[in-house]
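Colleague: Sharing protein24.csv here; it has CSV, C-alpha atoms.
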```
chain,number,residue,atom,x,y,z
J,1,MET,CA,-49.3,15.3,-14.3
J,2,SER,CA,-50.9,17.4,-11.6
J,3,LYS,CA,-49.1,20.7,-12.3
J,4,HIS,CA,-46.8,22.3,-14.8
J,5,THR,CA,-43.5,23.8,-13.6
J,6,ASP,CA,-42.6,27.3,-14.9
J,7,ILE,CA,-39.2,26.4,-16.4
J,8,HIS,CA,-38.1,30.1,-16.7
J,9,GLU,CA,-38.9,30.7,-13.0
J,10,TYR,CA,-37.2,27.4,-12.1
J,11,LEU,CA,-34.0,28.3,-14.0
J,12,ALA,CA,-33.9,31.9,-12.7
J,13,GLU,CA,-33.9,30.6,-9.1
J,14,LEU,CA,-31.0,28.3,-9.9
J,15,GLU,CA,-28.9,31.4,-10.9
J,16,ASP,CA,-29.8,33.2,-7.7
J,17,ILE,CA,-27.5,31.2,-5.4
J,18,PRO,CA,-24.2,33.0,-4.4
J,19,GLY,CA,-20.9,31.4,-5.4
J,20,THR,CA,-22.6,28.4,-7.1
J,21,ARG,CA,-23.0,27.2,-10.7
J,22,ILE,CA,-25.8,24.7,-11.0
J,23,TYR,CA,-25.2,22.2,-13.8
J,24,THR,CA,-28.1,23.1,-16.0
J,25,THR,CA,-28.8,21.8,-19.5
J,26,LYS,CA,-27.3,25.0,-20.9
J,27,ARG,CA,-24.0,24.4,-19.0
J,28,ALA,CA,-24.1,20.7,-19.9
J,29,ARG,CA,-24.2,21.6,-23.6
J,30,GLN,CA,-21.6,24.3,-23.3
J,31,GLY,CA,-19.2,22.0,-21.3
J,32,TYR,CA,-19.8,18.7,-23.2
J,33,TRP,CA,-16.3,18.3,-24.6
J,34,LEU,CA,-14.6,19.7,-21.5
J,35,ASN,CA,-16.4,17.2,-19.3
J,36,GLN,CA,-15.8,14.3,-21.7
J,37,MET,CA,-12.1,15.2,-21.7
J,38,GLY,CA,-12.2,14.9,-17.9
J,39,MET,CA,-13.9,11.6,-18.3
J,40,SER,CA,-11.1,10.4,-20.6
J,41,LEU,CA,-8.6,10.6,-17.7
J,42,MET,CA,-10.3,7.6,-16.0
J,43,LYS,CA,-8.0,5.5,-18.3
J,44,PRO,CA,-4.4,5.2,-17.1
J,45,GLU,CA,-3.0,5.4,-20.6
J,46,ASN,CA,-4.8,8.7,-21.2
J,47,ARG,CA,-3.6,10.1,-17.8
J,48,GLU,CA,0.0,9.3,-18.9
J,49,ARG,CA,-0.5,11.1,-22.3
J,50,TRP,CA,-2.1,14.1,-20.5
J,51,LYS,CA,0.7,14.3,-18.0
J,52,ALA,CA,3.4,14.1,-20.7
J,53,ASP,CA,2.0,17.0,-22.7
J,54,GLU,CA,-1.2,18.6,-21.5
J,55,ARG,CA,-1.4,21.2,-24.4
J,56,LYS,CA,-0.9,18.5,-27.0
J,57,TYR,CA,-3.6,16.2,-25.3
J,58,LEU,CA,-6.1,19.1,-25.6
J,59,GLU,CA,-5.5,19.3,-29.3
J,60,ASP,CA,-7.7,16.2,-29.7
J,61,TRP,CA,-10.7,17.9,-28.0
J,62,PRO,CA,-12.9,20.4,-29.8
J,63,MET,CA,-13.1,22.8,-26.8
J,64,THR,CA,-13.0,26.5,-26.8
J,65,ASP,CA,-9.6,28.2,-26.3
J,66,ALA,CA,-11.0,29.7,-23.0
J,67,GLN,CA,-11.8,26.2,-21.8
J,68,LYS,CA,-8.4,24.9,-22.7
J,69,GLU,CA,-6.6,27.9,-21.0
J,70,ALA,CA,-8.7,27.5,-17.9
J,71,LEU,CA,-7.9,23.8,-17.8
J,72,LEU,CA,-4.2,24.3,-18.2
J,73,ALA,CA,-4.4,27.0,-15.4
J,74,ARG,CA,-6.5,24.7,-13.2
J,75,ASP,CA,-8.9,27.6,-12.7
J,76,TYR,CA,-11.8,25.6,-11.4
J,77,ASN,CA,-14.2,28.5,-10.9
J,78,ARG,CA,-13.6,29.6,-14.5
J,79,LEU,CA,-14.2,26.0,-15.6
J,80,LEU,CA,-17.5,25.9,-13.8
J,81,ASP,CA,-18.4,29.1,-15.6
J,82,LEU,CA,-17.5,27.5,-18.9
J,83,GLY,CA,-19.7,24.5,-18.4
J,84,GLY,CA,-17.5,22.2,-16.3
J,85,ASN,CA,-19.1,19.9,-13.8
J,86,VAL,CA,-17.2,19.1,-10.6
J,87,TYR,CA,-17.5,15.3,-10.9
J,88,TYR,CA,-15.9,15.5,-14.4
J,89,LEU,CA,-13.3,18.1,-13.3
J,90,ALA,CA,-12.5,15.7,-10.4
J,91,LYS,CA,-10.8,13.4,-12.9
J,92,VAL,CA,-8.4,16.3,-13.6
J,93,PHE,CA,-7.6,17.2,-10.0
J,94,SER,CA,-7.4,13.5,-9.1
J,95,ALA,CA,-4.8,13.0,-11.8
J,96,ASP,CA,-3.0,15.9,-10.2
J,97,GLY,CA,-3.1,13.9,-6.9
J,98,LEU,CA,-5.4,16.4,-5.2
J,99,SER,CA,-8.2,15.2,-2.9
J,100,PHE,CA,-11.7,16.7,-3.1
J,101,VAL,CA,-11.0,18.8,0.0
J,102,GLN,CA,-7.8,20.3,-1.5
J,103,ALA,CA,-9.4,21.0,-4.9
J,104,VAL,CA,-12.6,22.3,-3.4
J,105,ALA,CA,-10.7,24.6,-1.0
J,106,SER,CA,-9.0,26.1,-4.0
J,107,MET,CA,-12.4,27.3,-5.4
J,108,THR,CA,-13.2,29.1,-2.2
J,109,GLY,CA,-10.1,31.4,-2.1
J,110,MET,CA,-9.2,29.9,1.3
J,111,SER,CA,-6.0,28.0,2.1
J,112,VAL,CA,-6.5,24.2,2.5
J,113,ASP,CA,-5.8,24.5,6.2
J,114,ASP,CA,-8.3,27.3,6.7
J,115,TYR,CA,-10.9,25.4,4.7
J,116,LYS,CA,-10.3,22.2,6.8
J,117,ALA,CA,-10.6,24.2,10.0
J,118,MET,CA,-13.9,25.7,8.8
J,119,MET,CA,-15.2,22.2,8.1
J,120,MET,CA,-14.1,20.9,11.5
J,121,ALA,CA,-15.9,23.8,13.1
J,122,GLY,CA,-19.2,22.8,11.4
J,123,GLY,CA,-18.8,24.1,7.9
J,124,ARG,CA,-19.9,27.3,6.1
J,125,SER,CA,-23.1,28.8,7.5
J,126,PRO,CA,-26.0,29.1,5.1
J,127,GLN,CA,-26.7,32.6,6.7
J,128,GLY,CA,-26.3,35.2,3.9
J,129,ASN,CA,-25.4,32.5,1.4
J,130,ARG,CA,-28.9,31.5,0.2
J,131,SER,CA,-29.9,34.1,-2.3
J,132,ILE,CA,-28.2,36.8,-4.2
J,133,LYS,CA,-31.3,38.9,-4.8
J,134,GLY,CA,-32.7,38.3,-1.3
J,135,GLY,CA,-29.4,38.8,0.5
J,136,TYR,CA,-30.4,36.2,3.2
N,137,MET,CA,-44.5,-13.0,-1.0
N,138,ALA,CA,-41.6,-10.6,-0.8
N,139,ARG,CA,-41.9,-7.7,1.6
N,140,ILE,CA,-40.1,-4.5,2.6
N,141,THR,CA,-39.0,-4.7,6.2
N,142,ALA,CA,-36.9,-1.6,6.7
N,143,GLY,CA,-35.2,1.4,5.2
N,144,VAL,CA,-31.7,2.7,5.7
N,145,ALA,CA,-30.3,6.0,4.6
N,146,THR,CA,-26.7,7.1,4.7
N,147,SER,CA,-24.3,9.6,3.1
N,148,HIS,CA,-21.9,7.9,0.7
N,149,VAL,CA,-18.8,10.2,1.0
N,150,PRO,CA,-15.9,8.5,-0.8
N,151,LEU,CA,-13.5,9.3,2.1
N,152,LEU,CA,-15.6,7.0,4.3
N,153,GLY,CA,-14.7,4.1,2.0
N,154,VAL,CA,-11.0,5.2,2.0
N,155,GLY,CA,-11.0,5.2,5.8
N,156,ILE,CA,-12.3,1.6,5.9
N,157,ASP,CA,-10.1,0.3,3.0
N,158,GLN,CA,-6.9,1.8,4.5
N,159,GLY,CA,-7.6,0.8,8.1
N,160,LYS,CA,-8.0,4.3,9.5
N,161,MET,CA,-11.2,3.7,11.5
N,162,GLU,CA,-9.6,4.3,14.8
N,163,GLU,CA,-8.0,7.7,13.9
N,164,ASP,CA,-9.4,10.7,15.6
N,165,TYR,CA,-10.9,12.2,12.5
N,166,PHE,CA,-12.8,9.0,11.5
N,167,LYS,CA,-13.7,7.5,14.9
N,168,PRO,CA,-16.8,9.6,15.6
N,169,ILE,CA,-18.0,9.0,12.0
N,170,TYR,CA,-17.9,5.2,12.2
N,171,ALA,CA,-19.1,5.1,15.8
N,172,GLY,CA,-22.6,6.1,14.5
N,173,TYR,CA,-22.7,2.9,12.4
N,174,GLU,CA,-21.9,0.5,15.1
N,175,TRP,CA,-25.5,0.1,16.1
N,176,SER,CA,-26.6,-0.4,12.5
N,177,LYS,CA,-23.9,-3.1,11.9
N,178,ARG,CA,-25.1,-5.1,14.9
N,179,TRP,CA,-28.8,-4.6,13.9
N,180,ILE,CA,-28.3,-5.7,10.3
N,181,ALA,CA,-26.2,-8.7,11.3
N,182,ASP,CA,-29.0,-10.1,13.5
N,183,PRO,CA,-30.7,-12.8,11.3
N,184,GLU,CA,-34.1,-11.3,12.4
N,185,ASN,CA,-33.3,-8.1,10.6
N,186,LYS,CA,-30.9,-9.1,7.8
N,187,PRO,CA,-32.5,-8.7,4.4
N,188,ASP,CA,-32.1,-11.1,1.5
N,189,VAL,CA,-32.0,-8.2,-0.9
N,190,VAL,CA,-31.3,-4.5,-0.7
N,191,ILE,CA,-32.7,-2.2,-3.4
N,192,LEU,CA,-29.9,0.4,-3.2
N,193,VAL,CA,-30.7,3.9,-4.4
N,194,TYR,CA,-27.6,5.9,-5.3
N,195,ASN,CA,-26.2,8.2,-7.9
N,196,ASP,CA,-23.3,7.6,-10.3
N,197,HIS,CA,-20.6,10.3,-10.2
N,198,ALA,CA,-19.4,10.4,-13.8
N,199,THR,CA,-18.3,6.8,-13.5
N,200,ALA,CA,-20.6,4.4,-15.4
N,201,PHE,CA,-22.5,7.2,-17.1
N,202,ASP,CA,-20.8,10.1,-18.7
N,203,MET,CA,-22.3,13.0,-20.6
N,204,ASN,CA,-23.4,10.6,-23.4
N,205,LEU,CA,-26.1,8.9,-21.4
N,206,ILE,CA,-28.0,10.5,-18.5
N,207,PRO,CA,-30.9,8.2,-17.3
N,208,THR,CA,-33.1,9.8,-14.7
N,209,PHE,CA,-34.0,6.4,-13.1
N,210,ALA,CA,-31.9,3.3,-14.0
N,211,ILE,CA,-32.2,-0.2,-12.6
N,212,GLY,CA,-29.3,-2.7,-12.7
N,213,CYS,CA,-30.5,-6.1,-14.0
N,214,ALA,CA,-27.3,-8.0,-14.6
N,215,GLU,CA,-26.1,-10.9,-12.5
N,216,GLU,CA,-23.3,-8.9,-10.9
N,217,PHE,CA,-21.5,-5.5,-10.9
N,218,GLN,CA,-17.8,-4.8,-10.5
N,219,PRO,CA,-16.7,-2.0,-8.1
N,220,ALA,CA,-15.5,0.8,-10.5
N,221,ASP,CA,-12.1,2.2,-11.0
N,222,GLU,CA,-12.8,5.8,-10.4
N,223,GLY,CA,-9.3,6.9,-11.4
N,224,TRP,CA,-7.3,5.6,-8.5
N,225,GLY,CA,-7.9,1.8,-8.8
N,226,ARG,CA,-10.9,-0.3,-7.9
N,227,ARG,CA,-12.0,-0.3,-4.2
N,228,PRO,CA,-10.8,-3.6,-2.5
N,229,VAL,CA,-14.4,-4.7,-1.9
N,230,PRO,CA,-16.4,-7.7,-3.1
N,231,VAL,CA,-18.2,-7.9,-6.4
N,232,VAL,CA,-21.8,-6.8,-6.0
N,233,LYS,CA,-24.2,-9.7,-6.7
N,234,ASN,CA,-27.7,-9.0,-7.9
N,235,ASP,CA,-30.9,-11.0,-7.5
N,236,ALA,CA,-31.5,-10.6,-11.3
N,237,ASP,CA,-34.9,-12.3,-11.4
N,238,PHE,CA,-36.2,-9.9,-8.8
N,239,ALA,CA,-34.6,-6.9,-10.5
N,240,TRP,CA,-36.2,-7.7,-13.8
N,241,HIS,CA,-39.5,-8.2,-12.0
N,242,LEU,CA,-39.1,-4.8,-10.4
N,243,ALA,CA,-38.3,-3.2,-13.8
N,244,GLN,CA,-41.3,-4.6,-15.6
N,245,SER,CA,-43.6,-3.8,-12.7
N,246,LEU,CA,-42.4,-0.2,-12.3
N,247,ILE,CA,-42.7,0.4,-16.1
N,248,LEU,CA,-46.3,-0.9,-16.0
N,249,ASP,CA,-46.9,1.5,-13.1
N,250,GLU,CA,-45.8,4.3,-15.4
N,251,PHE,CA,-42.2,4.8,-14.1
N,252,ASP,CA,-40.1,4.6,-17.4
N,253,MET,CA,-37.0,2.9,-16.0
N,254,THR,CA,-33.8,2.6,-17.9
N,255,ILE,CA,-32.6,-1.0,-17.7
N,256,ILE,CA,-28.9,-1.5,-17.3
N,257,ASN,CA,-26.9,-4.7,-17.7
N,258,LYS,CA,-23.2,-4.0,-18.0
N,259,MET,CA,-22.3,-1.4,-15.4
N,260,ASP,CA,-19.6,-0.7,-12.8
N,261,VAL,CA,-20.8,0.7,-9.5
N,262,ASP,CA,-18.9,3.6,-7.9
N,263,HIS,CA,-18.5,4.8,-4.3
N,264,GLY,CA,-22.2,5.9,-4.3
N,265,LEU,CA,-23.1,2.2,-4.0
N,266,THR,CA,-20.2,0.5,-2.4
N,267,VAL,CA,-19.5,3.0,0.5
N,268,PRO,CA,-23.0,2.4,2.0
N,269,LEU,CA,-22.3,-1.4,1.9
N,270,SER,CA,-19.0,-0.9,3.6
N,271,LEU,CA,-20.6,1.3,6.3
N,272,MET,CA,-23.3,-1.3,7.0
N,273,PHE,CA,-21.3,-4.6,6.6
N,274,GLY,CA,-17.7,-3.7,7.2
N,275,GLN,CA,-15.1,-5.8,5.2
N,276,PRO,CA,-16.6,-9.2,4.5
N,277,ALA,CA,-15.2,-11.6,1.9
N,278,GLU,CA,-18.6,-11.5,0.1
N,279,TRP,CA,-21.5,-9.1,0.6
N,280,PRO,CA,-24.0,-10.9,2.8
N,281,VAL,CA,-27.0,-9.6,0.7
N,282,LYS,CA,-28.0,-9.4,-2.9
N,283,VAL,CA,-28.1,-5.8,-4.2
N,284,VAL,CA,-30.4,-4.3,-6.9
N,285,PRO,CA,-28.7,-1.0,-8.0
N,286,LEU,CA,-31.1,1.8,-8.6
N,287,ALA,CA,-29.3,4.8,-10.0
N,288,VAL,CA,-30.8,8.3,-10.0
N,289,ASN,CA,-29.5,11.3,-11.9
N,290,VAL,CA,-28.8,14.1,-9.5
N,291,VAL,CA,-25.9,15.6,-11.4
N,292,THR,CA,-27.3,17.1,-14.6
N,293,TYR,CA,-30.4,19.4,-14.0
N,294,PRO,CA,-33.1,18.8,-13.5
N,295,PRO,CA,-33.0,15.8,-11.3
N,296,PRO,CA,-36.4,14.2,-10.5
N,297,SER,CA,-38.6,16.0,-8.0
N,298,GLY,CA,-38.9,14.9,-4.4
N,299,ASN,CA,-42.5,14.0,-5.1
N,300,ARG,CA,-41.5,11.9,-8.1
N,301,CYS,CA,-38.9,10.1,-6.0
N,302,TYR,CA,-41.4,9.4,-3.2
N,303,ALA,CA,-44.0,8.1,-5.7
N,304,LEU,CA,-41.3,5.8,-7.2
N,305,GLY,CA,-40.8,4.5,-3.7
N,306,GLU,CA,-44.5,3.8,-3.4
N,307,ALA,CA,-44.4,1.9,-6.8
N,308,ILE,CA,-41.4,-0.1,-5.6
N,309,ARG,CA,-43.4,-1.2,-2.6
N,310,ASN,CA,-46.2,-2.5,-4.9
N,311,ALA,CA,-43.6,-4.2,-7.1
N,312,VAL,CA,-41.9,-5.9,-4.2
N,313,GLU,CA,-45.3,-7.1,-2.8
N,314,SER,CA,-46.2,-8.7,-6.1
N,315,TYR,CA,-43.1,-10.8,-6.3
N,316,ASP,CA,-44.0,-14.4,-5.4
N,317,LYS,CA,-40.8,-15.5,-3.7
N,318,ASP,CA,-40.5,-15.1,0.0
N,319,LEU,CA,-37.9,-12.4,0.3
N,320,LYS,CA,-37.0,-9.9,3.0
N,321,VAL,CA,-36.2,-6.6,1.2
N,322,GLN,CA,-34.7,-3.4,2.4
N,323,VAL,CA,-34.6,-0.1,0.5
N,324,TRP,CA,-31.6,2.1,1.1
N,325,GLY,CA,-31.5,5.8,0.1
N,326,THR,CA,-27.9,7.2,-0.1
N,327,GLY,CA,-26.1,10.4,-0.7
N,328,GLY,CA,-26.6,13.8,1.1
N,329,MET,CA,-26.8,15.4,3.5
N,330,SER,CA,-25.6,19.1,3.4
N,331,HIS,CA,-22.6,19.5,1.1
N,332,GLN,CA,-21.3,21.7,-1.7
N,333,LEU,CA,-18.3,20.7,-3.7
N,334,GLN,CA,-17.9,23.6,-6.1
N,335,GLY,CA,-17.4,27.4,-6.2
N,336,PRO,CA,-16.8,30.0,-3.6
N,337,ARG,CA,-19.7,28.8,-1.5
N,338,ALA,CA,-18.2,25.3,-1.1
N,339,GLY,CA,-18.3,23.8,2.4
N,340,LEU,CA,-21.8,24.9,3.2
N,341,ILE,CA,-23.4,22.9,6.0
N,342,ASN,CA,-26.9,23.3,7.5
N,343,LYS,CA,-27.3,21.2,10.6
N,344,GLU,CA,-30.7,22.6,11.5
N,345,TRP,CA,-32.2,21.8,8.0
N,346,ASP,CA,-30.7,18.3,8.0
N,347,GLN,CA,-32.0,17.5,11.5
N,348,ARG,CA,-35.4,18.6,10.5
N,349,PHE,CA,-35.3,16.4,7.5
N,350,LEU,CA,-34.3,13.5,9.7
N,351,ASP,CA,-37.2,14.3,12.1
N,352,ASP,CA,-39.8,14.5,9.3
N,353,LEU,CA,-38.9,11.2,7.8
N,354,THR,CA,-41.2,9.9,10.5
N,355,ALA,CA,-43.1,13.1,11.7
N,356,ASP,CA,-44.1,14.7,8.4
N,357,PRO,CA,-43.0,12.9,5.3
N,358,LEU,CA,-45.7,14.8,3.3
N,359,ARG,CA,-43.7,18.0,3.9
N,360,LEU,CA,-40.5,16.4,2.6
N,361,ARG,CA,-42.2,15.1,-0.5
N,362,HIS,CA,-42.9,18.6,-1.6
N,363,ILE,CA,-39.6,20.4,-0.9
N,364,PRO,CA,-38.6,22.0,-4.2
N,365,HIS,CA,-35.1,21.6,-5.6
N,366,ILE,CA,-34.2,25.2,-4.9
N,367,GLU,CA,-34.7,24.7,-1.2
N,368,TYR,CA,-32.2,21.8,-1.1
N,369,LEU,CA,-29.7,24.0,-3.0
N,370,ARG,CA,-30.1,27.2,-1.1
N,371,GLU,CA,-30.3,25.5,2.3
N,372,THR,CA,-27.9,22.5,2.0
N,373,GLY,CA,-25.5,23.2,-0.8
N,374,SER,CA,-25.4,22.3,-4.5
N,375,GLU,CA,-24.6,18.6,-3.8
N,376,GLY,CA,-27.2,18.5,-1.0
N,377,ILE,CA,-29.7,17.7,-3.7
N,378,GLU,CA,-28.6,14.1,-3.3
N,379,THR,CA,-30.8,13.9,-0.3
N,380,VAL,CA,-33.8,13.8,-2.6
N,381,MET,CA,-32.9,10.1,-3.2
N,382,TRP,CA,-33.8,9.3,0.4
N,383,LEU,CA,-37.4,9.9,-0.5
N,384,ILE,CA,-37.4,6.9,-2.7
N,385,MET,CA,-36.5,4.9,0.4
N,386,ARG,CA,-39.1,6.7,2.5
N,387,GLY,CA,-41.9,6.2,-0.1
N,388,ALA,CA,-41.2,2.5,-0.2
N,389,LEU,CA,-41.7,2.1,3.6
N,390,GLY,CA,-45.5,2.9,3.6
N,391,GLY,CA,-47.5,5.0,6.1
N,392,ASP,CA,-46.4,4.8,9.7
N,393,VAL,CA,-42.7,4.0,10.1
N,394,LYS,CA,-40.6,3.8,13.2
N,395,GLU,CA,-37.2,5.4,13.7
N,396,LEU,CA,-34.8,2.8,15.1
N,397,HIS,CA,-31.5,4.7,14.9
N,398,ARG,CA,-30.0,8.0,13.8
N,399,HIS,CA,-26.5,9.4,13.4
N,400,TYR,CA,-25.3,12.8,12.3
N,401,HIS,CA,-21.7,14.1,12.2
N,402,VAL,CA,-19.9,17.0,10.6
N,403,PRO,CA,-17.6,16.8,8.7
N,404,GLY,CA,-16.9,13.8,6.6
N,405,SER,CA,-14.6,15.4,4.0
N,406,ASN,CA,-16.8,18.3,2.7
N,407,THR,CA,-20.0,16.7,3.9
N,408,ALA,CA,-22.5,16.4,6.7
N,409,VAL,CA,-22.7,12.7,7.3
N,410,GLY,CA,-26.3,11.7,8.0
N,411,HIS,CA,-27.6,8.2,8.7
N,412,ILE,CA,-31.0,6.8,9.8
N,413,VAL,CA,-32.6,3.4,10.1
N,414,LEU,CA,-36.4,3.1,9.8
N,415,GLU,CA,-38.7,0.2,10.4
N,416,ALA,CA,-41.2,-0.2,7.5
N,417,ALA,CA,-45.0,0.1,8.1
N,418,PRO,CA,-46.5,-3.4,8.6
```
Represent the structure of the file as structure tokens.
Modeller:
Amino acid sequence: MSKHTDIHEYLAELEDIPGTRIYTTKRARQGYWLNQMGMSLMKPENRERWKADERKYLEDWPMTDAQKEALLARDYNRLLDLGGNVYYLAKVFSADGLSFVQAVASMTGMSVDDYKAMMMAGGRSPQGNRSIKGGY
Amino acid sequence: MARITAGVATSHVPLLGVGIDQGKMEEDYFKPIYAGYEWSKRWIADPENKPDVVILVYNDHATAFDMNLIPTFAIGCAEEFQPADEGWGRRPVPVVKNDADFAWHLAQSLILDEFDMTIINKMDVDHGLTVPLSLMFGQPAEWPVKVVPLAVNVVTYPPPSGNRCYALGEAIRNAVESYDKDLKVQVWGTGGMSHQLQGPRAGLINKEWDQRFLDDLTADPLRLRHIPHIEYLRETGSEGIETVMWLIMRGALGGDVKELHRHYHVPGSNTAVGHIVLEAAP
């Protein structure tokens, strides 16, 4: 091992990106059941049960009430705040029949059409989107 | 003796698999994306270039691995791997056949060289692995190469550093060259380039950064090796970190490599589609 990483500095930088929740160990622990619930929707029989009665389905999962409410509301930014990871949340929006573009657009506050148009025009610029503290 | 002949890197956007599976390749949206792979498909079909085995570096997207098991570097050693059902049915693509003797040789050699690999037998492979095969080979009845899956954690932080990935590539080169069968081997790095799939900043794309990365795969790989995670994240979006996997491919190719082909297109779904073919150092 040639050098040691300062873990505190490393983690502080991850929190300094605008509009972004990096899936750190802390979030992974916080979101464990939320993400595993998402994973359960890979099975068709579970998707059916989920669709039949979402609130009842969630009774089996030891999540916080805040996580359950955010799931029922499909509030993806809130779910990211509560430890959700997009690849696990994708099982939820896929079960809803949404594509990645549709679901991702909903997190940006843009309409799907506006978001698609932005992507066709080259995507969101990194300018001003790199650092909260630095503002660059 | 087995030898590494070339490296291929490509994004592995799920939509690019959908476009092929559903026959949408001629549609306006998809046409410029697939056009950049035409050269590569011809190149790899030439018996001169076609490898016997591909070591395919990719990441699993909450498919085979969930939050219960998060291996940093995992190597697939089973005889074959089924395309995964990612929630909307299995992709209509062939079973992925491994060269298991070779994979086990790689595993033991890498572990002795101090890379503590996780060995996987039963595992389904998701779009991260199957989309690159479709992009390079189209829709054959059987994949024309054996594939050793090499899965990297780039989902739960921290993923491995760029330097560690590069060094793993160097160890792969040694492991390949100590295999006594005469095999032509390619190493593929997949995922990337710019993309962010979450939060209000989603949709971020940085063409300049991506292009410089493509340039420096030949011009200045030492710079790439030392790019910290935070730079990938700030410059190319949260899922842009996948590009770190390309450095395993680059590390395996040795010193002086030659760029044979490059393709870059925005967008493929939420992503900047990047693709490069590199000839390995002799």
Colleague: Set the cut-off to 9 Å and count only C-alpha atoms: what are the residues of chain N that reach chain J? Output as a ChimeraX atom specification.
Modeller: /N:197-199,202-204,221-224,291-294,332-343,365-366,369-374,402-408
Colleague: Report, in Å with one decimal, the straight-line distance from CA of Pro230 in chain N to CA of Ala277 in chain N.
Modeller: 6.5 Å
Colleague: From the list N:Val154, N:Ala307, N:Met329, N:Ile180, which residue is nearest Leu248 in chain N when using only C-alpha atoms?
Modeller: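 Looking at the shortest contact to Leu248 in chain N, the residue is N:Ala307.
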Colleague: Enter the distance from CA of Leu389 in chain N to CA of Pro280 in chain N, in Å, rounded to one decimal.
Modeller: 22.0 Å
Colleague: Could you tell me how far CA of Thr208 in chain N sits from CA of His8 in chain J, in Å to one decimal place?
Modeller: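 Spanning CA of His8 in chain J to CA of Thr208 in chain N is a straight-line distance of 21.0 Å.
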Colleague: From the list N:Phe238, N:Trp345, N:Trp382, N:Tyr368, which residue is nearest Met137 in chain N when using all atoms listed in the file?
Modeller: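 Going through N:Phe238, N:Trp345, N:Trp382, N:Tyr368 one by one, the smallest distance to Met137 in chain N is for N:Phe238.
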Colleague: Using only C-alpha atoms, find the one residue out of J:Asp113, J:Glu45, J:Leu34, J:Glu54 that sits nearest to Leu82 in chain J.
Modeller: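 Closest candidate: J:Leu34.
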Colleague: Got a sec: who's within 9 Å of Val312 in chain N, counting all atoms listed in the file, leaving out chain neighbours fewer than 5 positions off, as a count of residues only?
Modeller: 11
Colleague: Considering only C-alpha atoms, return as a list of chain:residue names whatever protein or nucleic-acid residues lie within 8 Å of Val149 in chain N, sequence-local ones (same chain, fewer than 3 positions apart) excluded.
Modeller: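 Neighbouring residues, sequence-local ones excluded: N:Leu152, N:Gly153, N:His263, N:Gly264, N:Val267, N:Gly327, N:Gly404, N:Ser405, N:Thr407, N:Val409.
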Colleague: What would the file look like if the residues just selected were written as a short mmCIF file (atom, residue, chain, number, x, y, z; two decimals), keeping the file's coordinate frame with C-alpha atoms?
Modeller:
```cif
data_model
loop_
_atom_site.label_atom_id
_atom_site.label_comp_id
_atom_site.auth_asym_id
_atom_site.auth_seq_id
_atom_site.Cartn_x
_atom_site.Cartn_y
_atom_site.Cartn_z
CA LEU N 152 -15.60 7.00 4.30
CA GLY N 153 -14.70 4.10 2.00
CA HIS N 263 -18.50 4.80 -4.30
CA GLY N 264 -22.20 5.90 -4.30
CA VAL N 267 -19.50 3.00 0.50
CA GLY N 327 -26.10 10.40 -0.70
CA GLY N 404 -16.90 13.80 6.60
CA SER N 405 -14.60 15.40 4.00
CA THR N 407 -20.00 16.70 3.90
CA VAL N 409 -22.70 12.70 7.30
#
```
Colleague: Contacts of Gly328 in chain N at 7 Å or less, counting only C-alpha atoms, minus same-chain residues fewer than 4 places along, as an MDAnalysis selection string?
Modeller: chainID N and resid 147 376:379
Colleague: Which residue out of N:Met253, N:Val380, N:Ala210, N:Ile247 has the minimum interatomic distance to Pro295 in chain N when only C-alpha atoms are used?
Modeller: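 Looking only at the distances to Pro295 in chain N, the closest residue turns out to be N:Val380.
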Colleague: Return range 138-144 of chain N, completed with N, CA, C and O atoms, as a PDB file, in the coordinates of the input.
Modeller:
```pdb
ATOM      1  N   ALA N 138     -42.725 -11.411  -1.301  1.00  0.00           N
ATOM      2  CA  ALA N 138     -41.600 -10.600  -0.800  1.00  0.00           C
ATOM      3  C   ALA N 138     -42.207  -9.365  -0.083  1.00  0.00           C
ATOM      4  O   ALA N 138     -43.330  -8.932  -0.350  1.00  0.00           O
ATOM      5  N   ARG N 139     -41.443  -8.864   0.876  1.00  0.00           N
ATOM      6  CA  ARG N 139     -41.900  -7.700   1.600  1.00  0.00           C
ATOM      7  C   ARG N 139     -40.774  -6.792   2.041  1.00  0.00           C
ATOM      8  O   ARG N 139     -39.642  -7.249   2.228  1.00  0.00           O
ATOM      9  N   ILE N 140     -41.127  -5.511   2.180  1.00  0.00           N
ATOM     10  CA  ILE N 140     -40.100  -4.500   2.600  1.00  0.00           C
ATOM     11  C   ILE N 140     -40.163  -4.442   4.126  1.00  0.00           C
ATOM     12  O   ILE N 140     -41.214  -4.175   4.716  1.00  0.00           O
ATOM     13  N   THR N 141     -39.020  -4.680   4.744  1.00  0.00           N
ATOM     14  CA  THR N 141     -39.000  -4.700   6.200  1.00  0.00           C
ATOM     15  C   THR N 141     -38.416  -3.458   6.829  1.00  0.00           C
ATOM     16  O   THR N 141     -38.784  -3.096   7.939  1.00  0.00           O
ATOM     17  N   ALA N 142     -37.523  -2.794   6.124  1.00  0.00           N
ATOM     18  CA  ALA N 142     -36.900  -1.600   6.700  1.00  0.00           C
ATOM     19  C   ALA N 142     -36.233  -0.756   5.647  1.00  0.00           C
ATOM     20  O   ALA N 142     -36.047  -1.195   4.505  1.00  0.00           O
ATOM     21  N   GLY N 143     -35.912   0.452   6.051  1.00  0.00           N
ATOM     22  CA  GLY N 143     -35.200   1.400   5.200  1.00  0.00           C
ATOM     23  C   GLY N 143     -33.954   1.895   5.887  1.00  0.00           C
ATOM     24  O   GLY N 143     -33.952   2.046   7.113  1.00  0.00           O
ATOM     25  N   VAL N 144     -32.912   2.105   5.127  1.00  0.00           N
ATOM     26  CA  VAL N 144     -31.700   2.700   5.700  1.00  0.00           C
ATOM     27  C   VAL N 144     -31.312   3.857   4.789  1.00  0.00           C
ATOM     28  O   VAL N 144     -31.444   3.773   3.566  1.00  0.00           O
TER      29      VAL N 144
END
```
